[in-house]
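K.L.:
Sharing a structure below in structure tokens format, with a few things to ask.
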Amino acid sequence: MGTETVHALREVTLDIQRGEYVAIMGPSGSGKSTLMNLLGCLDTPTDGSYELNGNRVSEMNDNQLAEIRNREIGFVFQTFNLLPRSDALRNVELPLIYAGIAVGERHRLALESLANVGLADRVHHKPNELSGGQRQRVAVARALVNKPSILLADEPTGNLDSKTGTEIMALFRQLADRGHTIIVVTHEESVARHARRIIRILDGLIASDEPVEK
Amino acid sequence: MNFFTELREGLATSWSAIRANKLRSVLTTLGIVIGVVTVTLMGTAIAGINRAFVESISSFGADVLFVSRNSWFIMSEKQWLEEQKRPRVTLAEAGVLENQMQLAGAVAPVAEMNEPVKYSRRNASNVSILGTTEQYLFTSGLNLGDGRFISQAECDGGRPVCVIGYEVATNLFQNGEPVGQDVLINQRAFEVVGVLAKHGGFADDSSADNQIIVPLAEFTYAFWRNPDYSIQVKVKNLGELDDAQEELRGVLRRYRRLAPDEPDNFSIGQQEQFLELFHKVAGTIAAIGLFITGLSLFVGGIGIMNIMFVSVAERTREIGVRKAIGAKRRTILLQFLIEAACICLIGGIIALLIAWPVTWLMQKAMPAELSPAVIGLALLVAVLTGLLSGFFPAWRAARMNPVDALRNE
């Protein structure tokens with residue numbers, strides 16, 4: 001026995017254009033998480049290449065990856081992943097802090113981003129003082145504050161009731177209409193149908209890649 | 001992001017983390033507090049003893065050469081046997097030095113012995129009786145508190161007068177003026193003409209305060225006909241101390257008719273020798289003491305390391321989130337290092353707040369001194385302990401893979 005190398009993804013070739021709204025679907029174990037980690041620059045492929053906005057991500061080291069994540073990717077997680085001891089404003093400011101933006105500018109951008117998701121009146125609330133939907137909005141505001149190339153959402157409605165889930169998906173729709181590039185990873189058909197293109201993964205391969213007819 | 005922003009953000013993050021786990025932080029800090037308190041008190045005691053010793057040694061003026069038959073510090077039995085063959089230092093030699101030395105400002109022969117002392121119905125034993133001349137006032141650097149010193153005429157003529165130390169005065173004359181009274185030294189009456197000012201010294205045990213000075217002629221007449229003299233030579237100019245010592249050697253060797261290949265058969269001591277030996281001994285004691293107390297600080301450091309590992313483990317997800325949104329390794333490393341250093345710095349400050357009154361209490365029993373250097377050192381040691389013991393946990397946090405960290409529940 002011993003460790004066995006598992007190729008979570010094989011022979012995946014994918015092009016996503018600026019301004020697209022894409023859903024990546026697949027059952028658990030299909031390799032969609034691995035694909036998301038690669039797209040989000042959290043991981044690099046053992047083989048093959050990934051180019052984001054002209055940057056060859058597949059050959060970057062840890063610190064370069066951190067920089068590119070900061071600049072190009074906005075993450076929205078299933079469990080929100082806000083810092084529990086910091087208020088909404090500070091949570092949204094965090095990417096700007098890592099980008100080295102001065103305090104005044106930081107405040108302005110963070111407030112603007114919170115206003116864009118409809119939370120202008122909740123900036124000094126801590127996560128445990130906010131509802132699930134509001135927390136996810138803070139997370140979206142944090143993801144967008146650095147004006148990234150991609151908004152990458154991993155099961156963004158997974159921890160929300162269906163009503164607030166729909167609200168968040170409506171927010172995503174608005175953002176897509178404003179020209180943001182959005183990639184949503186989900187296993188829920190109803191969530192995926194909000195996107196304009198659905199890529200289905202099965203056993204590490206792309207099973208289908210087609211636009212959503214409305 | 002530049003280093004200062006990073007530092008400031010690290011401080012803010014650390015502070016909120018410490019506040020979020022108050023009880024844990026307090027308990028962890030306790031280890032550091034105990035460590036720093038023991039190290040500080042040790043340092044305090046050492047500094048105090050050093051200062052007290054240097055103070056008491058200053059009664060041996062820095063510009064005085066002490067001629068005696070034996071060395072101050074005898075390092076071997078062989079040396080001791082050798083020095084037993086030396087001739088005694090004589091009164092005539094003091095006269096020779098006074099007449100022939102160009103660089104000497106004052107020369108005082110001194111003979112010393114212990115005698116019981118009595119005034120009215122009060123007794124004092126173990127008082128050293130010094131027979132010397134009026135020059136002793138200059139060579140010893142003693143100050144008078146009351147009355148006057150013995151005069152040259154009294155020394156030449158041998159009048160039974162004496163100058164008593166501060167402690168002798170307070171012991172024998174509990175209420176009343178010593179000057180003008182007669183004390184009995186070994187059954188002989190001596191009129192007190194002066195009282196020395198309080199000298200103080202190492203741990204309140206000052207021989208300078210517990211002495212009686214009488215004219216040398218009176219000393220040899222009343223107590224000891226042919227005593228073992230020593231000679232104190234005060235140099236005119238401190239800068240010429242070494243030259244004066246050479247001159248003294250030359251004069252004495254010529255007087256004793258020593259051939260050029262014979263070694264000196266007398267010893268010349270100076271304050272420097274005392275300080276040197278003391279610093280050697282005190283340095284060793286300080287090193288051992290600080291090492292032992294340092295162990296408790298080490299234990300505190302292990303506590304910090306332990307709790308930082310816990311802190312990193314329970315914030316794995318937070319580390320993942322921070323990395324996902326752009327924190328570099330350095331940022332994470334710094335965040336946890338600062339947290340560890342802050343816990344220790346707080347511990348150091350609390351420790352000093354404890355050590356301060358304790359030092360004050362210690363001062364009642366022994367010389368102790370909480371100097372700015374010790375304070376600075378204590379804080380520095382505290383922060384260093386934090387950085388050292390926090391490094392490994394912080395390094396582990398910094399190297400975490402964001403994918404794994406985010407998956408952590």
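So you can find residues: chains in the structure tokens are A, B, ... in the order shown, residues in each start at 1, and ligands are numbered from 1 in order.
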Taking only C-alpha atoms into account, find every residue of chain B that has an atom no more than 6 Å from chain A, and write it out as a PyMOL selection string.

P.N.:
chain B and resi 1+325-328

K.L.:
Give me, as a ChimeraX atom specification, all polymer residues having an atom no more than 10 Å from range 174-188 of chain B, counting only C-alpha atoms and skipping those fewer than 2 positions away in the same chain.

P.N.:
/B:114-120,122-124,127,129,146-148,160-164,168-172,190-195,212,222-223

K.L.:
DSSP says alpha helix (DSSP H) for which residues of range 61-172 of chain B? Put them as a PDB file with C-alpha atoms, in the first residue's frame?

P.N.:
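Wrote it out as out.pdb, contents follow:
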ATOM      1  CA  GLU B  77      50.164  28.399  50.640  1.00  0.00           C
ATOM      2  CA  LYS B  78      53.570  28.838  49.077  1.00  0.00           C
ATOM      3  CA  GLN B  79      53.046  32.574  48.813  1.00  0.00           C
ATOM      4  CA  TRP B  80      51.913  32.660  52.429  1.00  0.00           C
ATOM      5  CA  LEU B  81      54.997  30.798  53.659  1.00  0.00           C
ATOM      6  CA  GLU B  82      57.165  33.074  51.541  1.00  0.00           C
ATOM      7  CA  GLU B  83      55.630  36.206  52.995  1.00  0.00           C
ATOM      8  CA  GLN B  84      56.080  34.966  56.561  1.00  0.00           C
ATOM      9  CA  LEU B  91      58.060  53.360  61.796  1.00  0.00           C
ATOM     10  CA  ALA B  92      61.448  54.449  60.465  1.00  0.00           C
ATOM     11  CA  GLU B  93      60.371  53.413  56.993  1.00  0.00           C
ATOM     12  CA  ALA B  94      57.346  55.690  57.210  1.00  0.00           C
ATOM     13  CA  GLY B  95      59.755  58.522  58.015  1.00  0.00           C
ATOM     14  CA  VAL B  96      61.939  57.622  55.056  1.00  0.00           C
ATOM     15  CA  LEU B  97      58.986  57.647  52.696  1.00  0.00           C
ATOM     16  CA  GLU B  98      57.806  60.986  54.042  1.00  0.00           C
ATOM     17  CA  ASN B  99      61.252  62.529  53.582  1.00  0.00           C
ATOM     18  CA  GLN B 100      62.211  61.047  50.258  1.00  0.00           C
ATOM     19  CA  TYR B 136      45.816  59.938  58.725  1.00  0.00           C
ATOM     20  CA  LEU B 137      43.029  62.465  58.296  1.00  0.00           C
ATOM     21  CA  PHE B 138      44.342  63.153  54.776  1.00  0.00           C
ATOM     22  CA  THR B 139      45.203  59.602  53.761  1.00  0.00           C
ATOM     23  CA  SER B 140      41.964  58.068  55.006  1.00  0.00           C
ATOM     24  CA  GLN B 152      50.715  66.938  65.408  1.00  0.00           C
ATOM     25  CA  ALA B 153      51.695  68.129  68.841  1.00  0.00           C
ATOM     26  CA  GLU B 154      49.614  65.423  70.475  1.00  0.00           C
ATOM     27  CA  CYS B 155      51.232  62.848  68.232  1.00  0.00           C
ATOM     28  CA  ASP B 156      54.720  64.036  69.036  1.00  0.00           C
ATOM     29  CA  GLY B 157      54.076  64.573  72.710  1.00  0.00           C
ATOM     30  CA  TYR B 166      30.248  57.298  64.686  1.00  0.00           C
ATOM     31  CA  GLU B 167      29.119  53.899  65.902  1.00  0.00           C
ATOM     32  CA  VAL B 168      31.343  53.998  68.964  1.00  0.00           C
ATOM     33  CA  ALA B 169      29.893  57.397  69.807  1.00  0.00           C
ATOM     34  CA  THR B 170      26.288  56.253  69.489  1.00  0.00           C
ATOM     35  CA  ASN B 171      26.984  53.085  71.444  1.00  0.00           C
ATOM     36  CA  LEU B 172      28.806  54.595  74.362  1.00  0.00           C
TER      37      LEU B 172
END

K.L.:
What's the 10 Å shell around range 116-128 of chain A, counting only C-alpha atoms, without same-chain residues fewer than 6 positions away, as a list in words?

P.N.:
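Returned residues: Phe80, Asn81, Leu82, Leu83, Pro84, Arg85, Ser86, Asp87, Ala88, Leu89, Arg90, Asn91, Val92, Ala110, Gln134, Arg135, Gln136, Arg137, Val138, Ala139, Val140, Ala141, Leu144, Val145, Ile168, Leu171, Phe172 and Leu175 of chain A.
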
K.L.:
Can you work out the spacing between CA of Leu9 in chain A and CA of Gly31 in chain A in Å, to one decimal?

P.N.:
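Computing the Euclidean distance for CA of Leu9 in chain A and CA of Gly31 in chain A yields 5.8 Å.
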
K.L.:
Measuring between only C-alpha atoms, which one of A:Leu114, A:Ile206, A:Leu109, A:Leu160 shows the shortest distance to Leu14 in chain A?

P.N.:
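Checking each of A:Leu114, A:Ile206, A:Leu109, A:Leu160 against Leu14 in chain A, counting only C-alpha atoms, the winner is A:Ile206.
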
K.L.:
What does the distance from CA of Gln78 in chain A to CA of Trp15 in chain B come to in Å, to one decimal?

P.N.:
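Interatomic distance here is 28.4 Å.
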
K.L.:
Quick one: residues within 9 Å of range 384-401 of chain B, only C-alpha atoms counted, chain neighbours fewer than 5 positions away excluded, as a compact mmCIF listing (two decimals) with C-alpha atoms, in the first residue's frame?

P.N.:
# COMPACT_ATOMS: atom_id res chain seq x y z
CA LEU A 42 -5.07 29.04 -4.04
CA ASP A 43 -3.24 26.15 -5.63
CA ILE B 32 6.43 35.30 32.05
CA LEU B 297 11.84 32.53 32.43
CA PHE B 298 12.56 29.61 30.12
CA GLY B 300 7.46 30.81 30.95
CA GLY B 301 8.71 30.83 27.37
CA ILE B 302 7.61 27.22 26.90
CA GLY B 303 4.16 28.26 28.14
CA ILE B 304 4.04 30.99 25.50
CA MET B 305 5.08 28.60 22.79
CA ASN B 306 2.43 26.12 23.88
CA MET B 308 0.74 30.11 20.55
CA PHE B 309 0.45 26.65 19.02
CA VAL B 310 -3.09 26.46 20.39
CA SER B 311 -3.82 29.93 19.08
CA VAL B 312 -2.56 29.04 15.61
CA ALA B 313 -4.50 25.77 15.58
CA THR B 316 -6.37 27.95 11.15
CA ILE B 319 -5.31 32.15 8.56
CA GLY B 320 -6.79 30.50 5.45
CA LYS B 323 -4.21 34.12 2.91
CA LYS B 328 1.63 36.93 2.49
CA ARG B 329 3.69 34.58 4.65
CA ARG B 330 5.47 37.51 6.21
CA THR B 331 2.19 39.13 7.24
CA ILE B 332 0.94 36.01 9.01
CA LEU B 333 4.33 35.38 10.61
CA LEU B 334 4.45 38.92 11.93
CA GLN B 335 0.89 38.76 13.22
CA PHE B 336 1.62 35.80 15.49
CA LEU B 337 5.09 36.98 16.46
CA ILE B 338 3.64 40.29 17.59
CA GLU B 339 0.96 38.49 19.56
CA ALA B 340 3.57 36.44 21.42
CA ALA B 341 5.77 39.49 21.98
CA CYS B 342 2.80 41.51 23.27
CA ILE B 343 1.82 38.84 25.79
CA CYS B 344 5.41 38.81 27.03
CA LEU B 345 5.75 42.59 27.06
CA LEU B 379 11.53 44.36 29.15
CA LEU B 406 -9.77 26.93 4.57

K.L.:
Excluding range 104-111 of chain B and residues on its chain fewer than 3 positions from it, collect all residues at most 7 Å away from it, counting only C-alpha atoms, and give them as JSON, numbers by chain.

P.N.:
{"B": [91, 94, 98, 101, 130, 131, 132, 133, 135, 136, 138, 139, 227, 228, 229, 230, 231, 232, 233, 234, 235, 236]}

K.L.:
Within 10 Å of Glu189 in chain A, counting only C-alpha atoms, which residues qualify if same-chain residues fewer than 4 places away don't, as a list in words?

P.N.:
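Here the qualifying residues turn out to be Ala23, Met25, Gly26, Arg193, His194 and Ile198 of chain A.
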
K.L.:
Go ahead and dump the residues you just picked, N, CA and C atoms, as a short mmCIF file (atom, residue, chain, number, x, y, z; two decimals), in the first residue's frame.

P.N.:
data_model
loop_
_atom_site.label_atom_id
_atom_site.label_comp_id
_atom_site.auth_asym_id
_atom_site.auth_seq_id
_atom_site.Cartn_x
_atom_site.Cartn_y
_atom_site.Cartn_z
N ALA A 23 -21.33 29.22 -14.07
CA ALA A 23 -21.53 28.31 -12.95
C ALA A 23 -20.76 27.03 -13.24
N MET A 25 -20.62 23.19 -12.05
CA MET A 25 -21.45 22.24 -11.33
C MET A 25 -20.81 20.87 -11.31
N GLY A 26 -21.18 20.11 -10.35
CA GLY A 26 -20.71 18.74 -10.30
C GLY A 26 -20.97 18.17 -8.92
N ARG A 193 -28.59 27.94 -12.43
CA ARG A 193 -29.42 28.48 -13.51
C ARG A 193 -29.44 30.00 -13.54
N HIS A 194 -28.94 30.63 -12.45
CA HIS A 194 -28.84 32.09 -12.47
C HIS A 194 -27.73 32.56 -13.41
N ILE A 198 -23.10 27.26 -17.98
CA ILE A 198 -22.91 26.21 -16.97
C ILE A 198 -21.89 25.21 -17.47
#

K.L.:
Could you pull out all residues of range 88-214 of chain A with a DSSP call of strand (DSSP E or B) and give them as an MDAnalysis selection string?

P.N.:
chainID A and resid 150:154 181:186 197:202 205:211

K.L.:
Which is closest to Gly348 in chain B among B:Gln102, B:Asn126, B:Asn265, B:Thr29, if we use only C-alpha atoms?

P.N.:
B:Thr29

K.L.:
Using only C-alpha atoms, which of the listed residues (B:Glu314, B:Ala368, B:Ala355, B:Ile349) sits closest to Asn21 in chain B?

P.N.:
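Checking each candidate against Asn21 in chain B, we get B:Glu314 as the closest.
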